[in-house]
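Structure file protein.cif; described as mmCIF, C-alpha atoms and all ligand atoms.
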```cif
data_data
#
loop_
_atom_site.label_atom_id
_atom_site.label_comp_id
_atom_site.auth_asym_id
_atom_site.auth_seq_id
_atom_site.Cartn_x
_atom_site.Cartn_y
_atom_site.Cartn_z
CA MET A 750 40.57 30.32 -21.20
CA VAL A 751 42.18 26.91 -21.66
CA LYS A 752 40.27 25.74 -18.62
CA SER A 753 36.94 26.88 -20.04
CA ILE A 754 37.68 25.24 -23.43
CA MET A 755 38.55 22.05 -21.57
CA LEU A 756 35.29 22.32 -19.66
CA ILE A 757 33.29 22.83 -22.88
CA LEU A 758 35.06 19.85 -24.47
CA PHE A 759 34.33 17.79 -21.37
CA LEU A 760 30.66 18.78 -21.39
CA LEU A 761 30.45 18.04 -25.13
CA SER A 762 31.97 14.60 -24.71
CA ALA A 763 29.73 13.94 -21.71
CA SER A 764 26.65 14.87 -23.69
CA ILE A 765 27.77 12.67 -26.60
CA ALA A 766 28.35 9.77 -24.20
CA VAL A 767 24.75 10.06 -23.00
CA ALA A 768 23.12 10.34 -26.39
CA GLN A 769 20.15 8.33 -25.10
CA PRO A 770 17.63 10.74 -23.54
CA THR A 771 17.68 10.40 -19.77
CA ILE A 772 14.20 10.55 -18.34
CA VAL A 773 14.23 12.65 -15.23
CA GLU A 774 11.22 11.84 -13.12
CA GLU A 775 10.13 13.78 -10.11
CA ASP A 776 10.91 11.63 -7.07
CA PRO A 777 7.70 10.90 -5.18
CA CYS A 778 9.52 9.93 -1.98
CA GLY A 779 11.54 13.12 -1.71
CA ALA A 780 15.30 12.87 -1.58
CA TYR A 781 15.97 13.92 1.99
CA ILE A 782 15.45 12.38 5.38
CA PRO A 783 12.97 14.29 7.55
CA ASP A 784 14.59 15.50 10.79
CA PHE A 785 12.33 13.42 13.00
CA MET A 786 13.51 10.24 11.24
CA ASN A 787 17.16 11.01 12.09
CA SER A 788 16.35 10.63 15.78
CA LEU A 789 15.29 7.04 15.07
CA LEU A 790 18.44 6.16 13.12
CA LYS A 791 20.09 3.80 15.62
CA ALA A 792 16.99 1.64 15.92
CA GLY A 793 16.68 0.99 12.18
CA TYR A 794 14.53 4.13 11.95
CA GLY A 795 12.07 2.48 14.33
CA TYR A 796 12.02 -0.99 12.75
CA SER A 797 15.31 -2.83 12.30
CA TYR A 798 16.36 -6.09 10.69
CA ALA A 799 16.25 -7.71 14.17
CA ASP A 800 12.65 -6.48 14.56
CA LEU A 801 11.85 -8.14 11.23
CA GLN A 802 13.45 -11.42 12.34
CA ASN A 803 11.32 -11.37 15.52
CA ASP A 804 8.19 -10.84 13.43
CA ILE A 805 9.25 -13.59 11.01
CA ASP A 806 9.44 -15.97 14.00
CA THR A 807 5.88 -15.00 14.96
CA TRP A 808 4.42 -15.05 11.44
CA GLN A 809 5.83 -18.45 10.57
CA LYS A 810 3.77 -20.05 13.35
CA ASP A 811 0.57 -19.06 11.50
CA GLU A 812 -1.13 -21.83 9.51
CA PHE A 813 -1.64 -19.53 6.50
CA VAL A 814 1.98 -18.33 6.21
CA LYS A 815 4.94 -19.91 4.48
CA ILE A 816 8.27 -18.12 4.77
CA ASP A 817 11.05 -18.43 2.21
CA SER A 818 14.51 -16.99 1.96
CA ILE A 819 14.61 -15.70 -1.60
CA GLY A 820 18.23 -14.56 -1.49
CA ALA A 821 20.68 -12.41 0.44
CA SER A 822 21.69 -8.77 0.42
CA VAL A 823 25.15 -7.37 -0.42
CA GLN A 824 26.14 -7.86 3.25
CA ASN A 825 24.56 -11.32 3.30
CA ARG A 826 21.39 -10.60 5.24
CA THR A 827 18.47 -12.87 4.41
CA ILE A 828 15.76 -11.44 2.17
CA TYR A 829 12.50 -13.00 3.39
CA MET A 830 9.29 -13.55 1.48
CA LEU A 831 5.96 -14.46 3.04
CA SER A 832 3.41 -16.41 1.02
CA ILE A 833 -0.03 -16.07 2.55
CA THR A 834 -2.81 -18.34 1.31
CA ASP A 835 -5.23 -21.03 2.43
CA SER A 836 -3.48 -24.07 1.01
CA LYS A 837 -6.54 -26.26 1.66
CA THR A 838 -8.12 -24.80 -1.50
CA ASN A 839 -6.26 -25.60 -4.70
CA GLU A 840 -7.81 -23.27 -7.24
CA LYS A 841 -6.24 -19.82 -6.90
CA GLU A 842 -7.64 -17.01 -9.01
CA PHE A 843 -5.36 -14.10 -8.16
CA ARG A 844 -1.85 -13.32 -6.94
CA ILE A 845 -0.88 -10.14 -5.11
CA TRP A 846 2.73 -9.03 -4.77
CA ILE A 847 3.94 -6.51 -2.16
CA HIS A 848 7.51 -5.42 -1.45
CA ALA A 849 8.55 -2.80 1.10
CA ARG A 850 11.42 -0.87 2.61
CA THR A 851 13.44 -0.21 -0.54
CA HIS A 852 14.22 3.14 1.06
CA PRO A 853 15.38 2.47 4.64
CA ASN A 854 14.18 5.72 6.22
CA GLU A 855 10.63 5.12 4.96
CA VAL A 856 9.72 3.01 7.96
CA GLN A 857 6.02 3.83 7.56
CA SER A 858 6.04 1.54 4.50
CA THR A 859 6.96 -1.24 6.94
CA PHE A 860 4.26 -0.26 9.43
CA VAL A 861 1.58 -0.35 6.71
CA THR A 862 2.94 -3.62 5.27
CA ASN A 863 3.04 -5.25 8.71
CA GLU A 864 -0.57 -4.18 9.31
CA ILE A 865 -1.48 -5.67 5.92
CA ILE A 866 0.06 -8.96 7.12
CA GLU A 867 -1.88 -8.75 10.42
CA TYR A 868 -5.11 -8.13 8.52
CA LEU A 869 -4.40 -10.98 6.08
CA LEU A 870 -3.97 -13.35 9.04
CA SER A 871 -7.19 -12.23 10.76
CA ASP A 872 -10.44 -14.22 10.92
CA ASP A 873 -12.41 -11.54 9.03
CA GLU A 874 -14.97 -13.14 6.69
CA TYR A 875 -13.69 -11.33 3.59
CA ILE A 876 -10.09 -12.21 4.45
CA THR A 877 -11.06 -15.88 4.72
CA THR A 878 -12.37 -15.65 1.13
CA LEU A 879 -9.31 -13.72 0.02
CA ARG A 880 -7.00 -16.42 1.39
CA GLU A 881 -9.03 -19.11 -0.37
CA LYS A 882 -8.91 -17.37 -3.75
CA CYS A 883 -5.57 -15.57 -3.68
CA ILE A 884 -1.90 -16.01 -2.97
CA ILE A 885 -0.26 -12.97 -1.42
CA ASN A 886 3.55 -12.75 -1.64
CA ILE A 887 5.15 -10.15 0.60
CA VAL A 888 8.80 -9.11 0.85
CA PRO A 889 8.73 -6.93 3.97
CA MET A 890 12.33 -5.66 3.81
CA ILE A 891 14.13 -5.68 0.45
CA ASN A 892 16.98 -3.46 1.67
CA PRO A 893 18.03 -4.79 5.12
CA ASP A 894 21.64 -3.52 4.73
CA GLY A 895 20.46 0.05 4.18
CA VAL A 896 18.27 -0.21 7.28
CA GLU A 897 21.15 -1.52 9.42
CA LEU A 898 23.68 0.99 8.03
CA GLY A 899 21.28 3.87 8.70
CA TYR A 900 21.23 4.96 5.07
CA GLY A 901 18.32 7.01 3.81
CA ARG A 902 17.76 5.52 0.39
CA GLU A 903 20.67 3.26 -0.61
CA ASN A 904 21.85 -0.32 -0.25
CA ALA A 905 25.33 -1.30 1.10
CA ASN A 906 26.93 -0.30 -2.23
CA GLN A 907 25.31 3.13 -1.85
CA VAL A 908 23.04 2.51 -4.81
CA ASN A 909 19.36 3.52 -4.80
CA ILE A 910 17.87 0.17 -5.79
CA GLU A 911 14.50 1.75 -6.59
CA SER A 912 15.92 3.16 -9.83
CA ASN A 913 18.45 0.39 -10.58
CA TRP A 914 16.17 -1.92 -12.59
CA SER A 915 17.47 -1.02 -16.07
CA SER A 916 21.13 -1.37 -15.10
CA ALA A 917 23.17 -3.86 -17.16
CA SER A 918 24.44 -5.31 -13.87
CA PRO A 919 21.80 -4.56 -11.26
CA GLU A 920 22.42 -4.72 -7.53
CA ILE A 921 21.98 -8.12 -5.90
CA GLU A 922 18.70 -7.08 -4.22
CA VAL A 923 17.23 -6.13 -7.60
CA GLN A 924 18.50 -9.39 -9.12
CA VAL A 925 16.77 -11.32 -6.31
CA LEU A 926 13.45 -9.57 -6.96
CA LYS A 927 13.69 -10.00 -10.73
CA ARG A 928 14.39 -13.72 -10.36
CA VAL A 929 11.45 -14.29 -7.99
CA LEU A 930 9.05 -12.12 -10.01
CA ASP A 931 10.06 -13.93 -13.21
CA SER A 932 9.35 -17.31 -11.66
CA LEU A 933 6.02 -16.18 -10.16
CA MET A 934 4.91 -14.79 -13.54
CA LYS A 935 5.48 -18.26 -15.03
CA THR A 936 3.20 -20.03 -12.53
CA SER A 937 -0.45 -20.90 -13.24
CA THR A 938 -1.39 -17.94 -10.99
CA PRO A 939 0.79 -15.04 -12.16
CA ILE A 940 0.84 -11.69 -10.35
CA ASP A 941 -2.24 -9.49 -10.91
CA ILE A 942 -1.44 -6.59 -8.58
CA ALA A 943 2.03 -5.49 -7.45
CA LEU A 944 2.47 -2.84 -4.76
CA ASN A 945 5.80 -1.16 -4.03
CA MET A 946 5.58 0.36 -0.55
CA HIS A 947 7.19 3.73 0.21
CA SER A 948 6.51 6.87 2.23
CA ALA A 949 6.80 10.53 1.30
CA SER A 950 7.70 13.58 3.35
CA ASN A 951 4.73 15.59 2.03
CA CYS A 952 2.58 13.87 4.65
CA LYS A 953 -0.09 12.44 2.31
CA ARG A 954 -1.20 8.93 1.42
CA TYR A 955 -1.31 8.27 -2.31
CA PHE A 956 -0.53 5.97 -5.23
CA VAL A 957 1.93 7.07 -7.92
CA TYR A 958 -0.18 7.09 -11.07
CA HIS A 959 1.35 6.43 -14.52
CA ALA A 960 0.00 8.58 -17.36
CA GLU A 961 -1.24 7.15 -20.63
CA ALA A 962 1.83 8.59 -22.45
CA GLY A 963 3.98 6.04 -20.61
CA THR A 964 1.43 3.19 -20.49
CA SER A 965 -1.88 2.64 -22.34
CA ALA A 966 -5.54 3.65 -22.24
CA LYS A 967 -6.45 0.31 -20.70
CA TYR A 968 -3.73 0.59 -18.05
CA VAL A 969 -4.84 4.05 -16.89
CA ASP A 970 -8.38 2.69 -16.48
CA MET A 971 -7.02 -0.18 -14.38
CA GLN A 972 -5.13 2.27 -12.17
CA LYS A 973 -8.12 4.59 -11.73
CA LYS A 974 -10.41 1.68 -10.93
CA PHE A 975 -8.06 0.34 -8.25
CA ILE A 976 -7.20 3.70 -6.68
CA ASN A 977 -10.88 4.72 -6.63
CA HIS A 978 -11.80 1.47 -4.88
CA VAL A 979 -9.18 2.11 -2.17
CA LYS A 980 -10.15 5.76 -1.83
CA SER A 981 -13.88 4.99 -1.65
CA GLU A 982 -13.26 3.35 1.71
CA TRP A 983 -11.49 6.35 3.17
CA THR A 984 -12.20 9.50 1.19
CA ASN A 985 -10.27 11.84 3.47
CA GLY A 986 -7.40 9.43 4.06
CA ILE A 987 -6.27 8.63 0.51
CA GLU A 988 -5.51 11.20 -2.20
CA ASP A 989 -7.20 11.15 -5.63
CA TRP A 990 -5.72 9.05 -8.44
CA ASN A 991 -4.29 12.19 -10.12
CA TYR A 992 -2.53 13.54 -7.01
CA PHE A 993 0.88 12.40 -8.28
CA VAL A 994 1.07 11.74 -12.02
CA SER A 995 4.28 10.26 -13.46
CA TRP A 996 5.40 8.94 -16.87
CA THR A 997 3.79 11.96 -18.54
CA SER A 998 5.94 11.90 -21.69
CA THR A 999 7.32 8.38 -22.08
CA THR A 1000 8.04 5.15 -20.18
CA PRO A 1001 11.05 5.27 -17.84
CA THR A 1002 12.96 2.01 -17.67
CA GLN A 1003 14.64 2.16 -14.26
CA TYR A 1004 11.84 1.38 -11.78
CA PRO A 1005 10.14 -1.84 -10.62
CA GLU A 1006 6.91 -0.60 -12.25
CA SER A 1007 8.90 -0.12 -15.48
CA TRP A 1008 10.00 -3.77 -15.32
CA PHE A 1009 6.41 -4.92 -14.88
CA TRP A 1010 5.12 -2.68 -17.67
CA LEU A 1011 7.89 -3.49 -20.17
CA ASN A 1012 7.65 -7.26 -19.54
CA HIS A 1013 3.99 -7.84 -18.75
CA ALA A 1014 2.06 -4.68 -19.73
CA GLU A 1015 -1.61 -4.82 -18.64
CA LYS A 1016 -1.27 -8.30 -17.11
CA VAL A 1017 0.02 -6.71 -13.90
CA LEU A 1018 -1.28 -3.59 -12.20
CA ALA A 1019 1.97 -2.32 -10.65
CA LEU A 1020 1.86 0.75 -8.44
CA THR A 1021 4.01 2.51 -5.90
CA TYR A 1022 2.14 3.40 -2.72
CA GLU A 1023 3.42 6.36 -0.71
CA ASP A 1024 2.47 6.56 2.95
CA MET A 1025 3.15 9.60 5.18
CA ASN A 1026 6.79 10.11 6.12
CA CYS A 1027 6.16 12.79 8.73
CA ALA A 1028 5.80 13.01 12.50
CA GLU A 1029 1.98 13.04 12.11
CA ALA A 1030 1.93 9.68 10.28
CA LYS A 1031 -0.64 7.35 11.86
CA ASP A 1032 -3.55 4.97 11.22
CA PHE A 1033 -1.36 2.32 9.62
CA ASP A 1034 -3.98 -0.34 10.47
CA MET A 1035 -6.73 1.64 8.75
CA THR A 1036 -4.48 2.24 5.74
CA ALA A 1037 -3.71 -1.47 5.49
CA GLN A 1038 -7.38 -2.35 5.69
CA VAL A 1039 -8.54 0.04 2.97
CA ILE A 1040 -5.74 -1.12 0.64
CA VAL A 1041 -6.61 -4.81 1.14
CA ASN A 1042 -10.36 -4.11 0.82
CA GLY A 1043 -9.64 -2.09 -2.35
CA ILE A 1044 -7.88 -5.14 -3.77
CA GLY A 1045 -10.99 -7.22 -3.00
CA ARG A 1046 -13.25 -4.74 -4.76
CA TYR A 1047 -10.89 -4.60 -7.75
CA PHE A 1048 -11.11 -8.41 -8.04
CA GLU A 1049 -14.86 -8.23 -7.38
CA LEU A 1050 -14.51 -10.42 -4.31
CA LEU A 1051 -16.27 -7.61 -2.44
CA PRO A 1052 -19.24 -5.54 -3.65
CA PRO A 1053 -18.59 -1.94 -4.75
CA TYR A 1054 -18.59 0.53 -1.93
CA ILE A 1055 -21.40 3.08 -2.16
CA ILE A 1056 -22.06 5.69 0.44
CA SER A 1057 -24.78 8.31 0.45
CA SER A 1058 -26.59 10.74 2.66
CA ASN A 1059 -29.60 12.85 1.80
CA PHE A 1060 -28.89 15.37 4.52
CA GLU A 1061 -26.98 18.56 3.90
CA LYS A 1062 -24.15 18.80 6.41
CA THR A 1063 -25.73 21.70 8.30
CA GLU A 1064 -29.10 19.95 8.60
CA ILE A 1065 -27.98 16.65 10.14
CA PRO A 1066 -30.42 16.17 13.04
CA TYR A 1067 -28.34 13.66 14.98
CA LYS A 1068 -24.88 13.73 16.48
CA ILE A 1069 -22.41 10.85 16.16
CA THR A 1070 -19.35 10.56 18.38
CA THR A 1071 -16.75 7.86 18.80
CA ASN A 1072 -14.53 7.36 21.80
CA GLY A 1073 -12.29 4.30 21.54
CA SER A 1074 -14.58 1.32 21.02
CA LEU A 1075 -17.71 3.29 22.00
CA LEU A 1076 -19.95 4.71 19.26
CA THR A 1077 -22.71 7.07 20.41
CA ILE A 1078 -25.63 8.39 18.38
CA ASN A 1079 -27.68 11.19 19.94
CA GLY A 1080 -31.00 11.82 18.14
CA ASN A 1081 -31.44 15.15 19.91
CA GLY A 1082 -34.95 14.18 21.04
CA LYS A 1083 -35.85 12.32 17.85
CA VAL A 1084 -36.11 8.55 17.49
CA VAL A 1085 -33.25 7.22 15.42
CA SER A 1086 -33.14 3.73 13.98
CA THR A 1087 -29.74 2.42 13.02
CA GLU A 1088 -28.03 -0.57 11.48
CA LEU A 1089 -24.30 -1.05 11.75
CA TYR A 1090 -22.39 -2.95 9.05
CA THR A 1091 -18.79 -3.88 8.34
CA THR A 1092 -17.39 -2.52 5.08
CA GLN A 1093 -17.98 -6.00 3.66
CA GLY A 1094 -21.71 -5.55 4.24
CA ILE A 1095 -21.97 -7.87 7.24
CA ARG A 1096 -24.48 -6.64 9.82
CA VAL A 1097 -22.90 -6.10 13.22
CA ASP A 1098 -25.83 -4.73 15.23
CA SER A 1099 -29.00 -2.61 15.05
CA LYS A 1100 -30.63 -0.27 17.60
CA LYS A 1101 -33.54 2.16 17.81
CA GLY A 1102 -34.08 5.03 20.25
CA GLU A 1103 -33.28 8.64 21.04
CA TYR A 1104 -29.84 7.90 22.46
CA LEU A 1105 -27.90 4.86 21.28
CA GLU A 1106 -24.59 3.33 22.23
CA PHE A 1107 -22.64 0.61 20.41
CA THR A 1108 -19.51 -1.03 21.76
CA ILE A 1109 -17.31 -2.17 18.85
CA ASN A 1110 -14.32 -4.28 19.76
CA ARG A 1111 -12.72 -4.66 16.34
CA LYS A 1112 -10.93 -1.59 15.02
CA GLY A 1113 -11.61 -0.42 11.49
CA LEU A 1114 -14.15 1.07 9.15
CA TYR A 1115 -17.90 0.58 9.60
CA ILE A 1116 -21.02 1.76 7.83
CA LEU A 1117 -23.92 3.10 9.85
CA ASN A 1118 -27.35 3.24 8.20
CA ILE A 1119 -29.46 5.85 9.99
CA ASN A 1120 -33.16 6.57 9.66
CA VAL A 1121 -34.69 9.66 11.26
CA GLU A 1122 -38.19 10.82 10.37
CA ASN A 1123 -38.19 8.82 7.11
CA SER A 1124 -34.87 10.26 5.97
CA ALA A 1125 -32.15 7.70 5.42
CA SER A 1126 -28.43 8.24 5.36
CA GLN A 1127 -25.23 6.23 5.44
CA VAL A 1128 -22.24 7.31 7.43
CA LYS A 1129 -18.73 5.94 7.56
CA ILE A 1130 -17.51 5.26 11.08
CA ILE A 1131 -13.90 4.76 12.02
CA ILE A 1132 -13.20 2.86 15.21
CA ARG A 1133 -9.61 3.29 16.39
ZN ZN A 1201 10.81 5.71 -1.32
#
```

Please lay out the structure from this file as structure tokens.
Ligand SMILES: [Zn+2]
Amino acid sequence: MVKSIMLILFLLSASIAVAQPTIVEEDPCGAYIPDFMNSLLKAGYGYSYADLQNDIDTWQKDEFVKIDSIGASVQNRTIYMLSITDSKTNEKEFRIWIHARTHPNEVQSTFVTNEIIEYLLSDDEYITTLREKCIINIVPMINPDGVELGYGRENANQVNIESNWSSASPEIEVQVLKRVLDSLMKTSTPIDIALNMHSASNCKRYFVYHAEAGTSAKYVDMQKKFINHVKSEWTNGIEDWNYFVSWTSTTPTQYPESWFWLNHAEKVLALTYEDMNCAEAKDFDMTAQVIVNGIGRYFELLPPYIISSNFEKTEIPYKITTNGSLLTINGNGKVVSTELYTTQGIRVDSKKGEYLEFTINRKGLYILNINVENSASQVKIIIR
């Protein structure tokens, strides 16, 4: 009896101590480590701090990359930031921020981010424009201690830094990010888009959308516009904007996106991206490409992506197959005329005949315009 009264008193005092409502948000990442990730533990879940340092050595040789140390972790590991831009052009219109690997076991966030870096350093025509007009700041590993200690979600002090942003004395990694973000927001090219890279065990690719209750009507339009642009490039690969809706009653204060919203509102489109944290996770290069192309369409550096076909699925008279770099179109006895384009609308090749073969050496998404018997259609082609 005394014990239960003590317990009630304890609970009462505890509830008085937390008079402020605590906003419990569903965790998009999932709070456990999938079994298959445990087998990768000793190697930094498949990408360790040493792997990052090797990549830093490679990236810093590129003419478009500048690498800064923006601070150090609890255990004094360097936190690196890449700035990717074409410094020969002075006028920059947009800034993109990306940080990854808050949660150590979400190595897929690193794989996607590294592919984004590869794409941003490529000689693609759109990327050349992007580098001229934008500055892209990337922190590839914000929690190196957690990665090296084999933690699932915490830093060296066993704190989940993803939800530490409203703390009165935040962890050093959060302090580092806040300091850098603050200074970037004060430049003549403040951040326009901020992506926080994670991966979820439900084996889907999606953005964590913030409802109007926690943001604004304008902000939800910005989110939909961006997510739709990314999804339009890969309809089956990226989930709809409303796949994971958060902030449905009010604005939480503890996340990086909270910091952006509370300090800069609609000036920054800040979103968490969740890749697949499952054994089937793949196509990190494709994912990177559709995200970066989506950014270009959002900024109107690329035209909107429209795809159409006037054939019903069951009536399609031709057969398209891909095998590595080889794309084959079989007209089944009918003459097919085709034009192949990049997703940026650049013509790669065109062919006409009953049986056509294209060899495509650059991986990625392509658009094939096909004409058969005066019926036109557009098909998305993925070369892996
Ligand atoms: Zn996460």

(request) Could you tell me how far CA of Lys1068 in chain A lies from CA of Arg954 in chain A, in Å and to one decimal? (result)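 Pair CA of Lys1068 in chain A / CA of Arg954 in chain A returns 28.5 Å.
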
Taking all atoms listed in the file and a cut-off of 9 Å, can you tell me which residues surround ligand ZN 1201 (chain A), written as a compact mmCIF listing (two decimals) with C-alpha atoms, keeping the file's coordinate frame?
```txt
# COMPACT_ATOMS: atom_id res chain seq x y z
CA ASP A 776 10.91 11.63 -7.07
CA PRO A 777 7.70 10.90 -5.18
CA CYS A 778 9.52 9.93 -1.98
CA GLY A 779 11.54 13.12 -1.71
CA ALA A 780 15.30 12.87 -1.58
CA ARG A 850 11.42 -0.87 2.61
CA THR A 851 13.44 -0.21 -0.54
CA HIS A 852 14.22 3.14 1.06
CA PRO A 853 15.38 2.47 4.64
CA ASN A 854 14.18 5.72 6.22
CA GLU A 855 10.63 5.12 4.96
CA SER A 858 6.04 1.54 4.50
CA ARG A 902 17.76 5.52 0.39
CA GLU A 911 14.50 1.75 -6.59
CA ASN A 945 5.80 -1.16 -4.03
CA MET A 946 5.58 0.36 -0.55
CA HIS A 947 7.19 3.73 0.21
CA SER A 948 6.51 6.87 2.23
CA ALA A 949 6.80 10.53 1.30
CA THR A 1021 4.01 2.51 -5.90
CA GLU A 1023 3.42 6.36 -0.71
```

With a distance cut-off of 12 Å and only C-alpha atoms, select the neighbouring residues of Phe1009 in chain A, excluding the residue or stretch itself and same-chain residues fewer than 4 positions from it, and output the selection as a PDB file with C-alpha atoms, in the frame of the given file.
```
ATOM      1  CA  TRP A 846       2.730  -9.030  -4.770  1.00  0.00           C
ATOM      2  CA  TRP A 914      16.170  -1.920 -12.590  1.00  0.00           C
ATOM      3  CA  SER A 915      17.470  -1.020 -16.070  1.00  0.00           C
ATOM      4  CA  LEU A 926      13.450  -9.570  -6.960  1.00  0.00           C
ATOM      5  CA  LYS A 927      13.690 -10.000 -10.730  1.00  0.00           C
ATOM      6  CA  LEU A 930       9.050 -12.120 -10.010  1.00  0.00           C
ATOM      7  CA  ASP A 931      10.060 -13.930 -13.210  1.00  0.00           C
ATOM      8  CA  MET A 934       4.910 -14.790 -13.540  1.00  0.00           C
ATOM      9  CA  PRO A 939       0.790 -15.040 -12.160  1.00  0.00           C
ATOM     10  CA  ILE A 940       0.840 -11.690 -10.350  1.00  0.00           C
ATOM     11  CA  ASP A 941      -2.240  -9.490 -10.910  1.00  0.00           C
ATOM     12  CA  ILE A 942      -1.440  -6.590  -8.580  1.00  0.00           C
ATOM     13  CA  ALA A 943       2.030  -5.490  -7.450  1.00  0.00           C
ATOM     14  CA  LEU A 944       2.470  -2.840  -4.760  1.00  0.00           C
ATOM     15  CA  ASN A 945       5.800  -1.160  -4.030  1.00  0.00           C
ATOM     16  CA  THR A 964       1.430   3.190 -20.490  1.00  0.00           C
ATOM     17  CA  TYR A 968      -3.730   0.590 -18.050  1.00  0.00           C
ATOM     18  CA  THR A1000       8.040   5.150 -20.180  1.00  0.00           C
ATOM     19  CA  PRO A1001      11.050   5.270 -17.840  1.00  0.00           C
ATOM     20  CA  THR A1002      12.960   2.010 -17.670  1.00  0.00           C
ATOM     21  CA  GLN A1003      14.640   2.160 -14.260  1.00  0.00           C
ATOM     22  CA  TYR A1004      11.840   1.380 -11.780  1.00  0.00           C
ATOM     23  CA  PRO A1005      10.140  -1.840 -10.620  1.00  0.00           C
ATOM     24  CA  HIS A1013       3.990  -7.840 -18.750  1.00  0.00           C
ATOM     25  CA  ALA A1014       2.060  -4.680 -19.730  1.00  0.00           C
ATOM     26  CA  GLU A1015      -1.610  -4.820 -18.640  1.00  0.00           C
ATOM     27  CA  LYS A1016      -1.270  -8.300 -17.110  1.00  0.00           C
ATOM     28  CA  VAL A1017       0.020  -6.710 -13.900  1.00  0.00           C
ATOM     29  CA  LEU A1018      -1.280  -3.590 -12.200  1.00  0.00           C
ATOM     30  CA  ALA A1019       1.970  -2.320 -10.650  1.00  0.00           C
ATOM     31  CA  LEU A1020       1.860   0.750  -8.440  1.00  0.00           C
ATOM     32  CA  THR A1021       4.010   2.510  -5.900  1.00  0.00           C
TER      33      THR A1021
END
```

(message) Just to confirm, what's the straight-line distance from CA of Tyr875 in chain A to CA of Lys841 in chain A in Å (one decimal)?
(response)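 The value is 15.4 Å.
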
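Using all atoms listed in the file, the nearest neighbour of Asn904 in chain A within the list A:Arg826, A:Ser836, A:Met971, A:Arg844 is A:Arg826.
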
Could you name the residues that touch Asn1026 in chain A at 8 Å or less, counting only C-alpha atoms, but leaving out those on the same chain fewer than 4 positions away, as a JSON list (two decimals) with C-alpha atoms, in the coordinates of the input?
```
[["chain", "number", "residue", "atom", "x", "y", "z"],
["A", 783, "PRO", "CA", 12.97, 14.29, 7.55],
["A", 855, "GLU", "CA", 10.63, 5.12, 4.96],
["A", 856, "VAL", "CA", 9.72, 3.01, 7.96],
["A", 857, "GLN", "CA", 6.02, 3.83, 7.56],
["A", 948, "SER", "CA", 6.51, 6.87, 2.23],
["A", 949, "ALA", "CA", 6.80, 10.53, 1.30],
["A", 950, "SER", "CA", 7.70, 13.58, 3.35],
["A", 951, "ASN", "CA", 4.73, 15.59, 2.03],
["A", 952, "CYS", "CA", 2.58, 13.87, 4.65],
["A", 1030, "ALA", "CA", 1.93, 9.68, 10.28]]
```

(message) Report, in Å with one decimal, the straight-line distance from CA of Gly793 in chain A to CA of Asn886 in chain A.
(response)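 Separating CA of Gly793 in chain A from CA of Asn886 in chain A is a distance of 23.5 Å.
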
(request) Name the closest residue to Phe1048 in chain A among the candidates A:Val1085, A:Leu1011, A:Ile782, A:Ile845; distances are taken between atoms, counting only C-alpha atoms. (result) A:Ile845

(message) Between A:Phe843, A:Ile1130, A:Arg1096, A:Val925, which residue has the minimum interatomic distance to Glu982 in chain A, considering all atoms listed in the file?
(response)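 Of all the options, A:Ile1130 lies closest to Glu982 in chain A.
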
(message) Give me, as a PyMOL selection string, all polymer residues having an atom no more than 12 Å from Arg928 in chain A, counting all atoms listed in the file and skipping those fewer than 5 positions away in the same chain.
(response) chain A and resi 819-820+919+921-923+933-935+1008
